[in-house]
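Chemist: File input19.txt follows (compact mmCIF, C-alpha atoms):
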```txt
# COMPACT_ATOMS: atom_id res chain seq x y z
CA MET E 68 -26.74 -103.13 -138.76
CA LYS E 69 -27.57 -99.83 -137.10
CA ILE E 70 -30.27 -99.51 -134.49
CA ARG E 71 -32.02 -96.20 -134.18
CA PHE E 72 -34.12 -95.20 -131.19
CA GLY E 73 -37.03 -92.92 -131.82
CA LEU E 74 -37.13 -89.70 -129.81
CA ALA E 75 -40.27 -90.87 -128.08
CA ILE E 76 -38.58 -94.06 -126.88
CA ILE E 77 -35.49 -92.40 -125.32
CA PRO E 78 -37.42 -90.50 -122.59
CA ALA E 79 -39.33 -93.68 -121.76
CA MET E 80 -36.07 -95.64 -121.37
CA LEU E 81 -34.58 -92.86 -119.24
CA SER E 82 -37.65 -92.88 -117.00
CA LEU E 83 -37.31 -96.64 -116.62
CA VAL E 84 -33.64 -96.32 -115.59
CA LEU E 85 -34.42 -93.59 -113.07
CA ALA E 86 -37.30 -95.60 -111.63
CA THR E 87 -35.03 -98.63 -111.25
CA ASN E 88 -32.38 -96.59 -109.43
CA ALA E 89 -34.96 -94.96 -107.20
CA SER E 90 -36.29 -98.34 -106.09
CA ALA E 91 -32.89 -99.93 -105.46
CA GLN E 92 -32.66 -101.70 -102.11
CA ILE E 93 -30.07 -100.92 -99.46
CA LYS E 94 -27.56 -103.72 -98.90
CA VAL E 95 -25.97 -104.11 -95.47
CA GLY E 96 -22.97 -106.43 -95.16
CA VAL E 97 -22.65 -107.99 -91.71
CA ASN E 98 -19.58 -109.89 -90.51
CA VAL E 99 -19.91 -111.66 -87.14
CA SER E 100 -17.92 -114.21 -85.13
CA ALA E 101 -20.74 -116.72 -84.75
CA THR E 102 -18.35 -119.66 -84.33
CA GLY E 103 -14.90 -120.04 -82.78
CA PRO E 104 -13.69 -118.62 -79.43
CA ALA E 105 -15.86 -115.48 -79.75
CA ALA E 106 -19.09 -117.35 -80.54
CA SER E 107 -20.77 -116.37 -77.26
CA LEU E 108 -20.44 -112.75 -78.43
CA GLY E 109 -21.21 -113.26 -82.11
CA ILE E 110 -24.29 -115.46 -81.84
CA PRO E 111 -26.47 -112.84 -80.09
CA GLU E 112 -25.24 -110.28 -82.62
CA LYS E 113 -26.26 -112.54 -85.50
CA ASN E 114 -29.63 -113.20 -83.84
CA THR E 115 -30.21 -109.48 -83.43
CA PHE E 116 -29.96 -108.74 -87.15
CA ALA E 117 -33.01 -110.95 -87.68
CA LEU E 118 -34.95 -108.35 -85.64
CA MET E 119 -33.84 -105.36 -87.71
CA PRO E 120 -36.28 -103.45 -89.94
CA LYS E 121 -36.53 -104.72 -93.51
CA GLU E 122 -37.55 -101.29 -94.76
CA ILE E 123 -36.13 -97.89 -93.83
CA ALA E 124 -37.15 -94.52 -95.28
CA GLY E 125 -39.21 -96.27 -97.94
CA LYS E 126 -36.34 -98.48 -99.09
CA LYS E 127 -36.06 -102.24 -98.70
CA VAL E 128 -33.05 -103.29 -96.63
CA GLU E 129 -31.21 -106.57 -97.20
CA TYR E 130 -28.82 -107.89 -94.52
CA ILE E 131 -26.08 -110.16 -95.90
CA ILE E 132 -24.60 -112.00 -92.92
CA LEU E 133 -21.35 -113.97 -92.95
CA ASP E 134 -19.49 -115.77 -90.14
CA ASP E 135 -15.74 -115.11 -89.79
CA ALA E 136 -15.31 -117.94 -87.25
CA SER E 137 -13.37 -115.55 -84.95
CA ASP E 138 -10.58 -115.57 -87.56
CA THR E 139 -8.90 -112.39 -88.82
CA THR E 140 -8.12 -113.70 -92.31
CA THR E 141 -11.69 -114.87 -92.80
CA ALA E 142 -13.02 -111.51 -91.60
CA VAL E 143 -11.05 -109.71 -94.31
CA LYS E 144 -12.10 -112.27 -96.93
CA ASN E 145 -15.77 -111.87 -95.99
CA ALA E 146 -15.58 -108.08 -96.12
CA ARG E 147 -13.99 -108.10 -99.57
CA LYS E 148 -16.54 -110.62 -100.85
CA MET E 149 -19.53 -108.58 -99.69
CA ILE E 150 -18.12 -105.41 -101.21
CA ALA E 151 -17.07 -106.94 -104.55
CA GLU E 152 -19.86 -109.47 -105.12
CA ASP E 153 -22.84 -108.27 -103.10
CA LYS E 154 -22.23 -104.55 -103.74
CA ILE E 155 -23.06 -103.59 -100.16
CA ASP E 156 -23.64 -99.97 -99.13
CA ILE E 157 -22.28 -100.31 -95.60
CA LEU E 158 -20.21 -102.83 -93.64
CA ILE E 159 -21.03 -103.85 -90.06
CA GLY E 160 -18.58 -105.91 -87.97
CA SER E 161 -16.72 -107.64 -86.76
CA THR E 162 -17.47 -108.98 -83.31
CA ILE E 163 -13.91 -108.81 -81.95
CA THR E 164 -11.10 -106.25 -82.02
CA PRO E 165 -8.45 -108.07 -84.11
CA ASN E 166 -10.95 -108.80 -86.88
CA SER E 167 -12.36 -105.28 -86.84
CA LEU E 168 -8.90 -103.74 -87.03
CA ALA E 169 -8.14 -105.92 -90.05
CA MET E 170 -11.34 -104.77 -91.76
CA VAL E 171 -10.52 -101.08 -91.37
CA ASP E 172 -8.16 -101.17 -94.35
CA VAL E 173 -10.80 -102.86 -96.51
CA ALA E 174 -13.41 -100.23 -95.67
CA ALA E 175 -11.00 -97.38 -96.36
CA GLU E 176 -9.74 -98.84 -99.65
CA ASN E 177 -13.29 -99.14 -100.94
CA GLU E 178 -14.57 -95.90 -99.37
CA ILE E 179 -17.41 -97.69 -97.64
CA PRO E 180 -18.67 -96.79 -94.15
CA MET E 181 -18.11 -99.41 -91.45
CA ILE E 182 -19.64 -99.83 -88.00
CA SER E 183 -17.64 -102.13 -85.71
CA MET E 184 -19.18 -104.08 -82.83
CA ALA E 185 -15.80 -104.49 -81.09
CA ALA E 186 -14.49 -102.45 -78.18
CA SER E 187 -10.93 -101.22 -78.72
CA ALA E 188 -10.49 -97.48 -79.15
CA ALA E 189 -7.81 -98.23 -81.76
CA ILE E 190 -10.57 -99.16 -84.21
CA ILE E 191 -11.65 -95.53 -84.48
CA ALA E 192 -8.81 -93.47 -83.03
CA PRO E 193 -6.95 -91.51 -83.99
CA ILE E 194 -9.23 -90.55 -86.87
CA ASP E 195 -7.04 -90.59 -89.96
CA SER E 196 -7.65 -91.24 -93.66
CA LYS E 197 -8.58 -94.86 -92.87
CA ARG E 198 -10.63 -94.41 -89.72
CA PHE E 199 -12.45 -91.56 -91.48
CA TRP E 200 -14.79 -94.34 -92.69
CA VAL E 201 -15.10 -96.27 -89.42
CA PHE E 202 -17.49 -96.00 -86.47
CA LYS E 203 -18.29 -98.35 -83.57
CA THR E 204 -20.94 -99.07 -80.95
CA PRO E 205 -19.20 -100.61 -77.88
CA GLN E 206 -17.76 -98.38 -75.19
CA ASN E 207 -14.02 -97.71 -75.48
CA ASP E 208 -11.61 -99.70 -73.31
CA SER E 209 -10.32 -96.34 -72.07
CA HIS E 210 -13.86 -95.41 -71.06
CA MET E 211 -14.30 -98.59 -69.06
CA SER E 212 -10.78 -98.44 -67.59
CA THR E 213 -11.75 -95.15 -65.99
CA ALA E 214 -14.68 -96.85 -64.30
CA ILE E 215 -12.57 -99.76 -63.03
CA THR E 216 -9.72 -97.65 -61.66
CA GLY E 217 -12.25 -95.34 -60.04
CA HIS E 218 -13.85 -98.30 -58.28
CA MET E 219 -10.45 -99.67 -57.25
CA GLY E 220 -9.43 -96.33 -55.82
CA ASP E 221 -12.70 -95.98 -53.91
CA THR E 222 -12.35 -99.46 -52.38
CA GLY E 223 -8.73 -99.13 -51.27
CA ILE E 224 -6.98 -101.21 -53.93
CA LYS E 225 -3.25 -100.37 -53.96
CA THR E 226 -1.77 -103.18 -56.07
CA VAL E 227 -3.24 -105.01 -59.07
CA ALA E 228 -2.11 -107.83 -61.36
CA PHE E 229 -3.15 -107.78 -65.01
CA ILE E 230 -3.81 -110.79 -67.23
CA GLY E 231 -5.28 -110.24 -70.68
CA PHE E 232 -5.70 -111.69 -74.14
CA ALA E 233 -2.49 -111.94 -76.17
CA ASP E 234 -3.98 -109.83 -78.97
CA ALA E 235 -5.14 -106.30 -79.70
CA TYR E 236 -7.92 -106.50 -77.12
CA GLY E 237 -5.55 -107.32 -74.27
CA GLU E 238 -2.93 -104.84 -75.45
CA GLY E 239 -5.47 -102.05 -75.78
CA TRP E 240 -6.76 -102.68 -72.29
CA TYR E 241 -3.29 -102.76 -70.75
CA LYS E 242 -2.34 -99.52 -72.49
CA GLU E 243 -5.37 -97.64 -71.18
CA PHE E 244 -5.58 -99.30 -67.78
CA SER E 245 -1.88 -98.79 -66.95
CA LYS E 246 -2.10 -95.06 -67.68
CA LEU E 247 -5.13 -94.59 -65.47
CA ALA E 248 -3.81 -96.85 -62.71
CA GLU E 249 -0.70 -94.69 -62.48
CA LEU E 250 -2.84 -91.57 -62.12
CA ARG E 251 -4.80 -93.26 -59.30
CA LYS E 252 -1.57 -94.38 -57.57
CA ILE E 253 -2.42 -98.04 -58.14
CA LYS E 254 0.67 -100.18 -58.75
CA ILE E 255 0.57 -102.89 -61.44
CA VAL E 256 2.63 -105.77 -60.06
CA ALA E 257 2.18 -108.34 -62.87
CA ASN E 258 1.40 -108.27 -66.59
CA GLU E 259 0.50 -111.64 -68.13
CA ARG E 260 -1.13 -112.81 -71.39
CA PHE E 261 -3.09 -115.81 -72.66
CA ALA E 262 -4.64 -116.83 -75.97
CA ARG E 263 -8.40 -117.02 -76.54
CA SER E 264 -8.03 -120.71 -77.39
CA ASP E 265 -5.84 -121.68 -74.39
CA THR E 266 -6.97 -124.54 -72.18
CA SER E 267 -4.60 -123.79 -69.29
CA VAL E 268 -3.21 -120.59 -67.75
CA THR E 269 -1.68 -122.16 -64.64
CA GLY E 270 1.80 -120.75 -65.32
CA GLN E 271 0.51 -117.20 -65.71
CA ILE E 272 -1.70 -117.42 -62.63
CA LEU E 273 1.15 -118.72 -60.47
CA LYS E 274 3.18 -115.65 -61.49
CA VAL E 275 0.22 -113.40 -60.70
CA MET E 276 -0.31 -114.91 -57.25
CA ALA E 277 3.38 -114.69 -56.42
CA THR E 278 2.99 -110.89 -56.38
CA ASN E 279 0.17 -111.10 -53.79
CA PRO E 280 -1.95 -108.35 -55.43
CA ASP E 281 -4.96 -106.68 -53.79
CA ALA E 282 -6.89 -107.27 -57.01
CA VAL E 283 -6.61 -108.95 -60.41
CA LEU E 284 -7.96 -107.51 -63.65
CA ILE E 285 -8.75 -110.04 -66.37
CA ALA E 286 -8.90 -108.38 -69.78
CA GLY E 287 -10.71 -110.99 -71.84
CA ALA E 288 -14.01 -111.39 -73.64
CA GLY E 289 -16.66 -114.06 -73.77
CA THR E 290 -16.31 -117.49 -72.21
CA PRO E 291 -12.48 -117.70 -72.63
CA ALA E 292 -12.20 -115.00 -69.94
CA ALA E 293 -13.54 -117.49 -67.40
CA LEU E 294 -10.38 -119.61 -67.53
CA PRO E 295 -8.05 -117.25 -65.57
CA GLN E 296 -10.77 -116.59 -63.01
CA LYS E 297 -11.48 -120.27 -62.39
CA THR E 298 -7.74 -120.92 -62.10
CA LEU E 299 -7.34 -118.09 -59.58
CA LYS E 300 -10.11 -119.60 -57.44
CA GLU E 301 -8.66 -123.11 -57.74
CA ARG E 302 -5.33 -121.77 -56.48
CA GLY E 303 -6.99 -120.09 -53.52
CA TYR E 304 -6.78 -116.43 -54.48
CA LYS E 305 -8.79 -114.32 -51.98
CA GLY E 306 -8.46 -110.78 -53.39
CA LYS E 307 -10.90 -108.85 -55.58
CA ILE E 308 -11.32 -109.91 -59.21
CA TYR E 309 -12.34 -107.52 -61.96
CA GLN E 310 -13.39 -108.38 -65.50
CA THR E 311 -14.06 -106.09 -68.46
CA HIS E 312 -17.32 -105.44 -70.28
CA GLY E 313 -16.19 -108.19 -72.65
CA VAL E 314 -17.79 -110.81 -70.37
CA ALA E 315 -21.20 -109.22 -69.98
CA ASN E 316 -23.36 -112.13 -71.10
CA ASN E 317 -25.02 -115.16 -69.53
CA ASP E 318 -22.73 -117.63 -71.29
CA PHE E 319 -19.87 -116.26 -69.21
CA LEU E 320 -21.91 -116.74 -66.03
CA ARG E 321 -22.71 -120.31 -67.07
CA VAL E 322 -19.10 -121.27 -67.82
CA CYS E 323 -17.55 -119.46 -64.85
CA GLY E 324 -20.22 -120.66 -62.40
CA LYS E 325 -19.58 -120.17 -58.67
CA ASP E 326 -16.06 -118.92 -59.38
CA CYS E 327 -17.60 -115.67 -60.68
CA GLU E 328 -19.22 -114.76 -57.39
CA GLY E 329 -18.30 -111.27 -56.20
CA THR E 330 -16.62 -110.21 -59.46
CA TRP E 331 -16.83 -106.56 -60.46
CA LEU E 332 -16.96 -105.20 -64.00
CA PRO E 333 -17.98 -102.08 -65.88
CA ALA E 334 -20.83 -102.69 -68.34
CA GLY E 335 -23.25 -100.97 -70.62
CA PRO E 336 -26.53 -100.09 -68.90
CA LEU E 337 -28.34 -102.67 -71.07
CA LEU E 338 -26.97 -105.43 -68.84
CA VAL E 339 -29.06 -104.21 -65.90
CA ALA E 340 -31.74 -102.27 -67.79
CA ASP E 341 -34.53 -103.30 -65.43
CA GLN E 342 -32.51 -102.03 -62.43
CA LEU E 343 -31.87 -98.55 -63.86
CA ALA E 344 -33.61 -95.52 -62.35
CA ALA E 345 -36.86 -94.56 -64.04
CA ASP E 346 -35.38 -91.27 -65.25
CA ASN E 347 -32.28 -92.86 -66.80
CA PRO E 348 -32.29 -91.69 -70.46
CA VAL E 349 -31.11 -95.09 -71.70
CA LYS E 350 -33.65 -97.27 -69.87
CA LYS E 351 -36.53 -97.00 -72.36
CA THR E 352 -34.43 -97.89 -75.40
CA ALA E 353 -32.60 -100.68 -73.60
CA LEU E 354 -35.82 -102.29 -72.36
CA LYS E 355 -37.29 -102.10 -75.88
CA TYR E 356 -34.40 -104.17 -77.17
CA VAL E 357 -34.64 -106.63 -74.26
CA ALA E 358 -38.35 -107.15 -74.98
CA ALA E 359 -37.79 -107.68 -78.72
CA TYR E 360 -34.89 -110.12 -78.25
CA GLU E 361 -36.47 -112.18 -75.49
CA LYS E 362 -39.77 -112.40 -77.40
CA ALA E 363 -37.85 -113.99 -80.25
CA TYR E 364 -35.33 -116.11 -78.35
CA GLY E 365 -36.70 -116.64 -74.85
CA ALA E 366 -36.53 -115.08 -71.39
CA GLY E 367 -33.04 -114.39 -70.08
CA THR E 368 -31.32 -114.75 -73.46
CA VAL E 369 -30.45 -111.11 -74.09
CA SER E 370 -26.81 -109.97 -73.87
CA THR E 371 -24.92 -106.72 -74.14
CA PHE E 372 -23.20 -107.98 -77.31
CA GLY E 373 -26.48 -108.30 -79.12
CA GLY E 374 -27.08 -104.76 -77.90
CA HIS E 375 -24.01 -103.58 -79.81
CA ALA E 376 -25.58 -105.00 -82.97
CA TRP E 377 -28.93 -103.39 -82.11
CA ASP E 378 -27.21 -100.06 -81.64
CA ALA E 379 -25.47 -100.45 -85.01
CA GLY E 380 -28.94 -100.89 -86.47
CA LEU E 381 -30.20 -97.73 -84.77
CA LEU E 382 -27.21 -95.77 -86.11
CA LEU E 383 -27.84 -97.22 -89.56
CA GLU E 384 -31.51 -96.30 -89.50
CA ALA E 385 -30.73 -92.71 -88.52
CA ALA E 386 -28.02 -92.43 -91.20
CA ILE E 387 -30.17 -93.91 -93.97
CA THR E 388 -33.04 -91.55 -93.21
CA THR E 389 -30.73 -88.59 -93.89
CA ALA E 390 -28.52 -90.04 -96.62
CA ILE E 391 -31.40 -91.17 -98.84
CA LYS E 392 -32.29 -87.53 -99.40
CA LYS E 393 -28.90 -86.95 -101.01
CA ALA E 394 -28.19 -90.05 -103.10
CA GLN E 395 -29.52 -93.46 -104.10
CA PRO E 396 -28.38 -96.88 -102.79
CA GLY E 397 -25.74 -98.70 -104.76
CA THR E 398 -23.78 -95.55 -105.53
CA LYS E 399 -20.53 -94.06 -104.32
CA GLU E 400 -22.45 -90.91 -103.44
CA PHE E 401 -24.83 -92.84 -101.19
CA ARG E 402 -21.95 -94.49 -99.31
CA ALA E 403 -20.34 -91.09 -98.77
CA ALA E 404 -23.66 -89.65 -97.61
CA LEU E 405 -24.08 -92.51 -95.13
CA ARG E 406 -20.64 -91.82 -93.69
CA THR E 407 -21.39 -88.11 -93.30
CA SER E 408 -24.80 -88.85 -91.77
CA LEU E 409 -23.25 -91.19 -89.20
CA GLU E 410 -20.72 -88.54 -88.25
CA ASN E 411 -23.51 -86.04 -87.62
CA ILE E 412 -25.75 -88.16 -85.41
CA ASN E 413 -26.68 -86.25 -82.26
CA ASN E 414 -28.55 -87.14 -79.07
CA LEU E 415 -29.57 -90.59 -80.26
CA ALA E 416 -30.66 -92.93 -77.46
CA VAL E 417 -29.39 -96.47 -78.05
CA SER E 418 -29.37 -99.51 -75.77
CA HIS E 419 -25.92 -98.67 -74.35
CA GLY E 420 -26.02 -94.88 -74.02
CA ILE E 421 -26.65 -91.58 -75.77
CA VAL E 422 -24.74 -91.05 -79.02
CA ASN E 423 -23.29 -87.70 -80.12
CA MET E 424 -20.89 -88.26 -83.02
CA SER E 425 -18.47 -85.68 -84.42
CA THR E 426 -15.55 -85.36 -86.81
CA THR E 427 -13.21 -86.24 -83.93
CA ASP E 428 -15.34 -88.87 -82.17
CA HIS E 429 -16.77 -91.86 -84.06
CA LEU E 430 -18.21 -93.47 -80.90
CA GLY E 431 -19.96 -90.49 -79.35
CA MET E 432 -20.70 -91.88 -75.89
CA ASP E 433 -20.28 -90.29 -72.46
CA GLN E 434 -20.56 -91.47 -68.84
CA ARG E 435 -24.20 -92.47 -69.38
CA SER E 436 -22.94 -95.49 -71.33
CA ARG E 437 -21.52 -97.37 -68.34
CA VAL E 438 -22.35 -98.66 -64.89
CA MET E 439 -20.43 -100.78 -62.40
CA VAL E 440 -21.93 -104.23 -61.97
CA GLN E 441 -21.21 -107.04 -59.49
CA ILE E 442 -21.98 -110.74 -59.92
CA VAL E 443 -24.10 -111.75 -56.93
CA GLY E 444 -25.86 -115.09 -56.66
CA GLY E 445 -25.06 -115.87 -60.26
CA LYS E 446 -26.78 -112.70 -61.47
CA TRP E 447 -25.84 -109.18 -62.51
CA LYS E 448 -26.41 -106.59 -59.79
CA LEU E 449 -26.21 -102.84 -60.43
CA GLY E 450 -23.54 -101.26 -58.26
CA ALA E 451 -22.61 -97.63 -57.65
CA GLN E 452 -22.47 -95.29 -60.64
CA ALA E 453 -19.03 -95.42 -62.31
CA ASN E 454 -16.86 -92.33 -61.85
```
I need this file expressed as structure tokens, please.
Modeler:
Amino acid sequence: MKIRFGLAIIPAMLSLVLATNASAQIKVGVNVSATGPAASLGIPEKNTFALMPKEIAGKKVEYIILDDASDTTTAVKNARKMIAEDKIDILIGSTITPNSLAMVDVAAENEIPMISMAASAAIIAPIDSKRFWVFKTPQNDSHMSTAITGHMGDTGIKTVAFIGFADAYGEGWYKEFSKLAELRKIKIVANERFARSDTSVTGQILKVMATNPDAVLIAGAGTPAALPQKTLKERGYKGKIYQTHGVANNDFLRVCGKDCEGTWLPAGPLLVADQLAADNPVKKTALKYVAAYEKAYGAGTVSTFGGHAWDAGLLLEAAITTAIKKAQPGTKEFRAALRTSLENINNLAVSHGIVNMSTTDHLGMDQRSRVMVQIVGGKWKLGAQAN
């Protein structure tokens, strides 16, 4: 049996199809480490997505959020699921470097833009055919290494021992820190590793202390980074201790307790937003996020990791506003337009700095994205501007 459509019906059907496409919602796939060793980082990120706008540029936005449990295999599985089944337009995540690195291939294979909330520069550099699709919000480890070595040089540190995660985060930090330490004439006298799930690092710390370093740098993230520091204090270490921006949340302060006192670390300005100078270009945006998060979750609950999610949302909002003029959600053209729009973001104030993306820089932050902070009296205290 043949079915014939009258000429008058065809235009009506076409109009219906176009109207449906024009009203399609934007789907954002979010992969966070809300459980497992990185939970203290992933939970505030997950919480932050509940504060994101549900409509941008006249389009409804749906956030599909999955937990990778701090596991690389699960991160890849989640990314593939959201792309294949949920038909997402953009991928955000993961919380930690190993998981984000594993997701890069998935984003590239499917030609879908990705914004990572993890720190390692290796996630976005060098920009090749895979990283062409990938952006990130946290400051690079190289960026923060510059701040730490500058502070060490200014305070007379001549020798330093390094202990970091036995994964891509620790390796990335050692790579960048060792290069900059050499330039500053700071000698690295020990290089140790530990796993995020370890319950003891006594052996590594004994080796560190045997070198009698002026300072120790712990390259970890979240609450697991407290373990080496507590062990150093238990063994009577008296030198300076540095951490990375991977510990910049209150859960770390809670777990590390009195053993954190005096620690130095580089951090995004969000951590001490209320202490920034009135003319700091980041202060207004950072305080806006602090107010929104603490209104929803209580005073003192905000963390820099939630800020990385908030900044991903600000990048997304800016990109959607431009991309929607070129293509409709749910299409290959829209995903490509989002990627191009992200790459062309300029002078955007986010909670951690000012973003100026380019074809060679998919982070886009400068020295305004970091400050040196010291833990004093169990609280974060703004130190001298990082050099």
Chemist: How close does range 257-320 of chain E get to range 445-448 of chain E? List, as a Markdown table, each residue of range 257-320 of chain E within 12 Å, its nearest atom pair and the distance in Å to one decimal, counting all atoms listed in the file.
Modeler:
```
| residue | atom | partner | partner_atom | distance |
| --- | --- | --- | --- | --- |
| E:Val314 | CA | E:Trp447 | CA | 11.4 |
| E:Ala315 | CA | E:Trp447 | CA | 8.8 |
| E:Asn316 | CA | E:Trp447 | CA | 9.4 |
| E:Asn317 | CA | E:Lys446 | CA | 8.6 |
| E:Asp318 | CA | E:Gly445 | CA | 11.4 |
| E:Phe319 | CA | E:Gly445 | CA | 10.4 |
| E:Leu320 | CA | E:Gly445 | CA | 6.6 |
```
Chemist: Please provide as an MDAnalysis selection string all residues within 12 Å of Gln271 in chain E, with the sequence filter that same-chain residues fewer than 2 positions apart are discarded (counting all atoms listed in the file).
Modeler: chainID E and resid 228:232 257:262 265 267:269 273:278 285 294:296 298:299 302
Chemist: Once you have the residues from the selection above, write them out as a short mmCIF file (atom, residue, chain, number, x, y, z; two decimals), in the coordinates of the input, restricted to C-alpha atoms.
Modeler:
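This went into result_12.cif:
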```cif
data_model
loop_
_atom_site.label_atom_id
_atom_site.label_comp_id
_atom_site.auth_asym_id
_atom_site.auth_seq_id
_atom_site.Cartn_x
_atom_site.Cartn_y
_atom_site.Cartn_z
CA ALA E 228 -2.11 -107.83 -61.36
CA PHE E 229 -3.15 -107.78 -65.01
CA ILE E 230 -3.81 -110.79 -67.23
CA GLY E 231 -5.28 -110.24 -70.68
CA PHE E 232 -5.70 -111.69 -74.14
CA ALA E 257 2.18 -108.34 -62.87
CA ASN E 258 1.40 -108.27 -66.59
CA GLU E 259 0.50 -111.64 -68.13
CA ARG E 260 -1.13 -112.81 -71.39
CA PHE E 261 -3.09 -115.81 -72.66
CA ALA E 262 -4.64 -116.83 -75.97
CA ASP E 265 -5.84 -121.68 -74.39
CA SER E 267 -4.60 -123.79 -69.29
CA VAL E 268 -3.21 -120.59 -67.75
CA THR E 269 -1.68 -122.16 -64.64
CA LEU E 273 1.15 -118.72 -60.47
CA LYS E 274 3.18 -115.65 -61.49
CA VAL E 275 0.22 -113.40 -60.70
CA MET E 276 -0.31 -114.91 -57.25
CA ALA E 277 3.38 -114.69 -56.42
CA THR E 278 2.99 -110.89 -56.38
CA ILE E 285 -8.75 -110.04 -66.37
CA LEU E 294 -10.38 -119.61 -67.53
CA PRO E 295 -8.05 -117.25 -65.57
CA GLN E 296 -10.77 -116.59 -63.01
CA THR E 298 -7.74 -120.92 -62.10
CA LEU E 299 -7.34 -118.09 -59.58
CA ARG E 302 -5.33 -121.77 -56.48
#
```
Chemist: In Å to one decimal, how far is CA of Trp240 in chain E from CA of Lys254 in chain E?
Modeler: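 So the two atoms, CA of Lys254 in chain E and CA of Trp240 in chain E, lie 15.6 Å apart.
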Chemist: One decimal, Å: what's the distance from CA of Glu178 in chain E over to CA of Lys197 in chain E, could you say?
Modeler: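 So the answer is 8.9 Å.
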Chemist: Check the smallest atom-to-atom distance from each of E:Leu354, E:Met432, E:Ala214, E:Ala385 to Asn411 in chain E using all atoms listed in the file, then report the winner.
Modeler: E:Ala385
Chemist: Report, in Å with one decimal, the straight-line distance from CA of Gly367 in chain E to CA of Pro348 in chain E.
Modeler: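 Straight-line distance from CA of Gly367 in chain E to CA of Pro348 in chain E works out to 22.7 Å.
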Chemist: At a cut-off of 6 Å from (-27.0, -88.4, -98.3) in the coordinates of the file, what residues are picked up using all atoms listed in the file, written as number ranges by chain?
Modeler: E: 389-394, 401, 404-405
Chemist: How would the residues just chosen look if you wrote them out with C-alpha atoms as a compact mmCIF listing (two decimals), in the frame of the given file?
Modeler:
```txt
# COMPACT_ATOMS: atom_id res chain seq x y z
CA THR E 389 -30.73 -88.59 -93.89
CA ALA E 390 -28.52 -90.04 -96.62
CA ILE E 391 -31.40 -91.17 -98.84
CA LYS E 392 -32.29 -87.53 -99.40
CA LYS E 393 -28.90 -86.95 -101.01
CA ALA E 394 -28.19 -90.05 -103.10
CA PHE E 401 -24.83 -92.84 -101.19
CA ALA E 404 -23.66 -89.65 -97.61
CA LEU E 405 -24.08 -92.51 -95.13
```
Chemist: Identify, on the basis of all atoms listed in the file, every residue whose closest approach to range 325-338 of chain E does not exceed 9 Å; exclude the query and any residue fewer than 6 positions from it along the same chain; express the result as a PyMOL selection string.
Modeler: chain E and resi 205-206+211-212+214-215+293+296-301+307-316+319+349-350+352-354+356-357+369-371+374+418-420+435-447+449-450+453
Chemist: List as a VMD selection string: which residues have an atom within 9 Å of (-28.6, -118.8, -82.6), counting only C-alpha atoms?
Modeler: chain E and resid 101 110 to 111 113 to 114 364
Chemist: Keeping C-alpha atoms, export the residues of the selection given above as a compact mmCIF listing (two decimals), keeping the file's coordinate frame.
Modeler:
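Result file result01.txt:
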```txt
# COMPACT_ATOMS: atom_id res chain seq x y z
CA ALA E 101 -20.74 -116.72 -84.75
CA ILE E 110 -24.29 -115.46 -81.84
CA PRO E 111 -26.47 -112.84 -80.09
CA LYS E 113 -26.26 -112.54 -85.50
CA ASN E 114 -29.63 -113.20 -83.84
CA TYR E 364 -35.33 -116.11 -78.35
```
Chemist: For range 133-146 of chain E, take all atoms listed in the file, fit an axis-aligned box around them, add 6 Å to each of the six sides, then output centre and edge lengths in Å rounded to one decimal, as AutoDock Vina command-line options.
Modeler:
```
--center_x -14.7 --center_y -113.0 --center_z -90.9 --size_x 25.2 --size_y 21.9 --size_z 24.0
```
Chemist: Can you tell me which residues surround Ser196 in chain E at a distance of at most 10 Å, considering only C-alpha atoms, apart from same-chain residues fewer than 4 positions away, and format the answer as a list of chain:residue names?
Modeler: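 Result of the neighbour search: E:Asp172, E:Ala175, E:Glu176, E:Trp200, E:Val201.
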Chemist: Of the candidates E:Val128, E:Val256, E:His429, E:Thr290, which shows the shortest atom-to-atom distance to Gly324 in chain E, using all atoms listed in the file?
Modeler: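 Of the candidates, the smallest distance to Gly324 in chain E is held by E:Thr290.
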Chemist: With distances taken over all atoms listed in the file, which residue among E:Val97, E:Ala185, E:Leu118, E:Ile190 lies nearest Met149 in chain E?
Modeler: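 For Met149 in chain E, the nearest of the given residues is E:Val97.
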Chemist: Near Gly160 in chain E, counting only C-alpha atoms, which residues have an atom at most 6 Å away, once you skip same-chain residues fewer than 2 positions from it, shown as a count of residues only?
Modeler: 6
Chemist: When you count only C-alpha atoms, which of these residues is closest to Ala105 in chain E: E:Ala117, E:Ala292, E:Leu133, E:Ile421?
Modeler: E:Ala292
Chemist: What would range 254-258 of chain E look like with N, CA and C atoms in place, written as a compact mmCIF listing (two decimals), in the frame of the given file?
Modeler:
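The file below, out.txt, is the result:
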```txt
# COMPACT_ATOMS: atom_id res chain seq x y z
N LYS E 254 -0.52 -99.56 -58.18
CA LYS E 254 0.67 -100.18 -58.75
C LYS E 254 0.32 -101.50 -59.45
N ILE E 255 0.75 -101.64 -60.71
CA ILE E 255 0.57 -102.89 -61.44
C ILE E 255 1.77 -103.78 -61.15
N VAL E 256 1.53 -104.92 -60.53
CA VAL E 256 2.63 -105.77 -60.06
C VAL E 256 2.87 -106.99 -60.96
N ALA E 257 1.99 -107.23 -61.93
CA ALA E 257 2.18 -108.34 -62.87
C ALA E 257 1.44 -108.01 -64.16
N ASN E 258 1.99 -108.50 -65.27
CA ASN E 258 1.40 -108.27 -66.59
C ASN E 258 1.54 -109.55 -67.40
```
